[in-house]
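See structure below.
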Amino acid sequence: MWQALAEGGVTFLVAFVLGTLVEYLIHRLMHGRRLLAKKHAEHHRDGWGQGWLGEFGDYFLPTLLVIWLGFLYSLGAGVGWALGGFLYAALAAYAHQLQHEYPDLVFWMPRPVHTLHHKHHMWKNNFGILVDWWDRVFGTYQYVEWKREKPIRSYGLRGFFRISWYGPVLPPAQQATPDGRSLPVTQEHQSATTER
């Protein structure tokens, strides 16, 4: 039993950390226009997340290709590996949505790097979403002064659950009119796709 717990714990950590590395590398490839370049440029132009569920799908579905690998070693390793991949995808989806909606609530990093990545149109820096470790390791971290608009305490515990869970919360400039037509995109959102 102890061996299975140890194997599960180790593979859980490996899967979780590996997930953050893959996230970083794929985000870099997107900015290098080698992977999903058009979709990612639209994401920068629009400036919002898909909602937690949509983000979770983007993070979790690719893990299905490798989530079974731990079971080749043992049951404990398989469970740990699968849980590590699942938890990584759930937290990455949450971190992405939170940084688009409530960056003040990102307490686990000194700065919400993904927010800054969008706000300052960083096409070559700050690729991390859940963590900023890999930006620091690979030299792509760019310090930008940032200050919370409100203290975390002012949001209360409920604030952490106010993200859009099932679909995007569009910024005012992209919300539809009562008759269903989209409002025009602001100059700020348009410049996000032209500044590279």
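Order determines the names: the first chain of the structure tokens is A, the second B, and so forth; residues in each chain are numbered 1 upward, and ligands are numbered 1 upward as they are shown.
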
Applying 12 Å and only C-alpha atoms, which residues near region 11-23 of chain A remain after dropping the ones on its own chain fewer than 6 positions away? List them as a PDB file with C-alpha atoms, in the first residue's frame.
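Output contents, as saved in selection-v8.pdb:
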ATOM      1  CA  ALA A   4       1.339   2.480  -4.343  1.00  0.00           C
ATOM      2  CA  LEU A   5       0.875   5.768  -2.435  1.00  0.00           C
ATOM      3  CA  LEU A  29       4.705  27.784 -30.235  1.00  0.00           C
ATOM      4  CA  MET A  30       1.411  29.644 -30.645  1.00  0.00           C
ATOM      5  CA  ASP A  58      -8.537  22.816 -24.279  1.00  0.00           C
ATOM      6  CA  TYR A  59      -6.193  21.755 -21.475  1.00  0.00           C
ATOM      7  CA  PHE A  60      -7.606  18.336 -20.644  1.00  0.00           C
ATOM      8  CA  PRO A  62      -4.912  16.610 -25.219  1.00  0.00           C
ATOM      9  CA  THR A  63      -3.910  14.861 -21.974  1.00  0.00           C
ATOM     10  CA  VAL A  66      -1.021  10.244 -22.431  1.00  0.00           C
ATOM     11  CA  ILE A  67      -3.187   9.985 -19.307  1.00  0.00           C
ATOM     12  CA  TRP A  68      -3.152   6.172 -19.417  1.00  0.00           C
ATOM     13  CA  LEU A  69       0.660   5.881 -19.448  1.00  0.00           C
ATOM     14  CA  GLY A  70       1.049   5.663 -15.672  1.00  0.00           C
ATOM     15  CA  PHE A  71      -1.026   2.499 -15.599  1.00  0.00           C
ATOM     16  CA  TYR A  73       3.860   0.960 -14.533  1.00  0.00           C
ATOM     17  CA  SER A  74       1.349   0.279 -11.759  1.00  0.00           C
ATOM     18  CA  LEU A  75      -2.139   1.072 -10.525  1.00  0.00           C
ATOM     19  CA  GLY A  76      -0.810   3.608  -8.016  1.00  0.00           C
ATOM     20  CA  ALA A  77       1.335   5.337 -10.636  1.00  0.00           C
ATOM     21  CA  GLY A  78      -1.579   5.371 -13.070  1.00  0.00           C
ATOM     22  CA  VAL A  79      -3.976   6.946 -10.599  1.00  0.00           C
ATOM     23  CA  GLY A  80      -1.388   9.555  -9.554  1.00  0.00           C
ATOM     24  CA  TRP A  81      -0.491  10.390 -13.161  1.00  0.00           C
ATOM     25  CA  ALA A  82      -4.162  10.708 -14.173  1.00  0.00           C
ATOM     26  CA  LEU A  83      -5.058  12.850 -11.147  1.00  0.00           C
ATOM     27  CA  GLY A  84      -2.014  15.079 -11.704  1.00  0.00           C
ATOM     28  CA  GLY A  85      -3.016  15.670 -15.319  1.00  0.00           C
ATOM     29  CA  PHE A  86      -6.646  16.269 -14.402  1.00  0.00           C
ATOM     30  CA  LEU A  87      -5.839  18.700 -11.566  1.00  0.00           C
ATOM     31  CA  TYR A  88      -3.329  20.555 -13.734  1.00  0.00           C
ATOM     32  CA  ALA A  89      -5.957  21.015 -16.481  1.00  0.00           C
ATOM     33  CA  ALA A  90      -8.613  22.158 -13.985  1.00  0.00           C
ATOM     34  CA  LEU A  91      -6.300  24.682 -12.297  1.00  0.00           C
ATOM     35  CA  ALA A  92      -4.819  25.961 -15.578  1.00  0.00           C
ATOM     36  CA  ALA A  93      -8.339  26.554 -16.915  1.00  0.00           C
ATOM     37  CA  ALA A  95      -6.035  30.457 -13.722  1.00  0.00           C
ATOM     38  CA  HIS A  96      -6.599  31.451 -17.336  1.00  0.00           C
ATOM     39  CA  ASN A 126       5.397  35.860 -20.093  1.00  0.00           C
ATOM     40  CA  PHE A 127       3.954  32.692 -21.614  1.00  0.00           C
ATOM     41  CA  GLY A 128       3.034  31.051 -18.310  1.00  0.00           C
ATOM     42  CA  ILE A 129      -0.596  30.860 -17.316  1.00  0.00           C
ATOM     43  CA  LEU A 130      -0.824  28.805 -14.145  1.00  0.00           C
ATOM     44  CA  VAL A 131       2.773  29.511 -13.052  1.00  0.00           C
ATOM     45  CA  ASP A 132       5.621  31.766 -14.119  1.00  0.00           C
ATOM     46  CA  TRP A 133       8.428  29.264 -13.349  1.00  0.00           C
ATOM     47  CA  TRP A 134       9.202  28.331 -16.929  1.00  0.00           C
ATOM     48  CA  ASP A 135       9.367  31.954 -18.067  1.00  0.00           C
ATOM     49  CA  ARG A 136      12.003  32.453 -15.411  1.00  0.00           C
ATOM     50  CA  VAL A 137      13.878  29.248 -16.297  1.00  0.00           C
ATOM     51  CA  PHE A 138      13.925  29.937 -20.049  1.00  0.00           C
TER      52      PHE A 138
END

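If only C-alpha atoms are the atoms counted, then among A:Trp2, A:Lys150, A:Gly49, A:Gln142 the closest residue to Gln97 (chain A) is A:Gly49.
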
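Using only C-alpha atoms, the contacts of Tyr143 (chain A) at a cut-off of 10 Å, with sequence neighbours closer than 4 positions omitted, comprise Arg111, Val113, Leu116, Asn125 and Asn126 of chain A.
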
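Between CA of Tyr24 (chain A) and CA of His117 (chain A) the separation is 12.6 Å.
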
- [ ] Find the distance between CA of Leu105 (chain A) and CA of His31 (chain A) and write it in Å to one decimal.
- [x] 26.1 Å

- [ ] Name the residues of region 6-195 of chain A that come out as helix (DSSP H, G or I) in a backbone DSSP run; write them as a PyMOL selection string.
- [x] chain A and resi 6-31+37-46+52-65+69-72+75-101+103-105+113-119+133-138+152-155+157-161+172-174+187-194

Task: Residue contacts of Phe160 (chain A) (12 Å, only C-alpha atoms) excluding same-chain residues fewer than 5 positions away, as a ChimeraX atom specification - done: /A:94-95,97-99,101-107,152-155,165

Could the residues in this selection be written to a file with C-alpha atoms, as an mmCIF file, in the first residue's frame?
data_model
loop_
_atom_site.group_PDB
_atom_site.id
_atom_site.type_symbol
_atom_site.label_atom_id
_atom_site.label_comp_id
_atom_site.auth_asym_id
_atom_site.auth_seq_id
_atom_site.Cartn_x
_atom_site.Cartn_y
_atom_site.Cartn_z
ATOM 1 C CA TYR A 94 -9.239 28.365 -13.708
ATOM 2 C CA ALA A 95 -6.035 30.457 -13.722
ATOM 3 C CA GLN A 97 -10.194 32.529 -16.775
ATOM 4 C CA LEU A 98 -9.372 34.268 -13.495
ATOM 5 C CA GLN A 99 -6.584 36.295 -15.084
ATOM 6 C CA GLU A 101 -11.723 38.425 -15.338
ATOM 7 C CA TYR A 102 -10.264 39.067 -11.872
ATOM 8 C CA PRO A 103 -6.461 39.299 -12.005
ATOM 9 C CA ASP A 104 -6.434 40.850 -8.524
ATOM 10 C CA LEU A 105 -7.282 37.398 -7.143
ATOM 11 C CA VAL A 106 -4.122 35.712 -8.462
ATOM 12 C CA PHE A 107 -2.406 35.220 -5.113
ATOM 13 C CA ILE A 152 -7.847 40.382 -2.362
ATOM 14 C CA ARG A 153 -9.706 40.589 0.946
ATOM 15 C CA SER A 154 -12.250 42.998 -0.552
ATOM 16 C CA TYR A 155 -13.504 40.312 -2.974
ATOM 17 C CA TRP A 165 -17.777 28.790 -15.679
#

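Take CA of Trp108 (chain A) and CA of Leu157 (chain A): the distance between them is 15.3 Å.
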
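Among A:Lys147, A:Leu72, A:Met1, A:Gly54, the residue with the shortest atom-to-atom distance to Pro110 (chain A), counting only C-alpha atoms, is A:Lys147.
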
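Counting only C-alpha atoms and comparing A:Leu53, A:Leu36, A:Val10, A:Ala41, the residue that lies closest to Ser164 (chain A) is A:Leu53.
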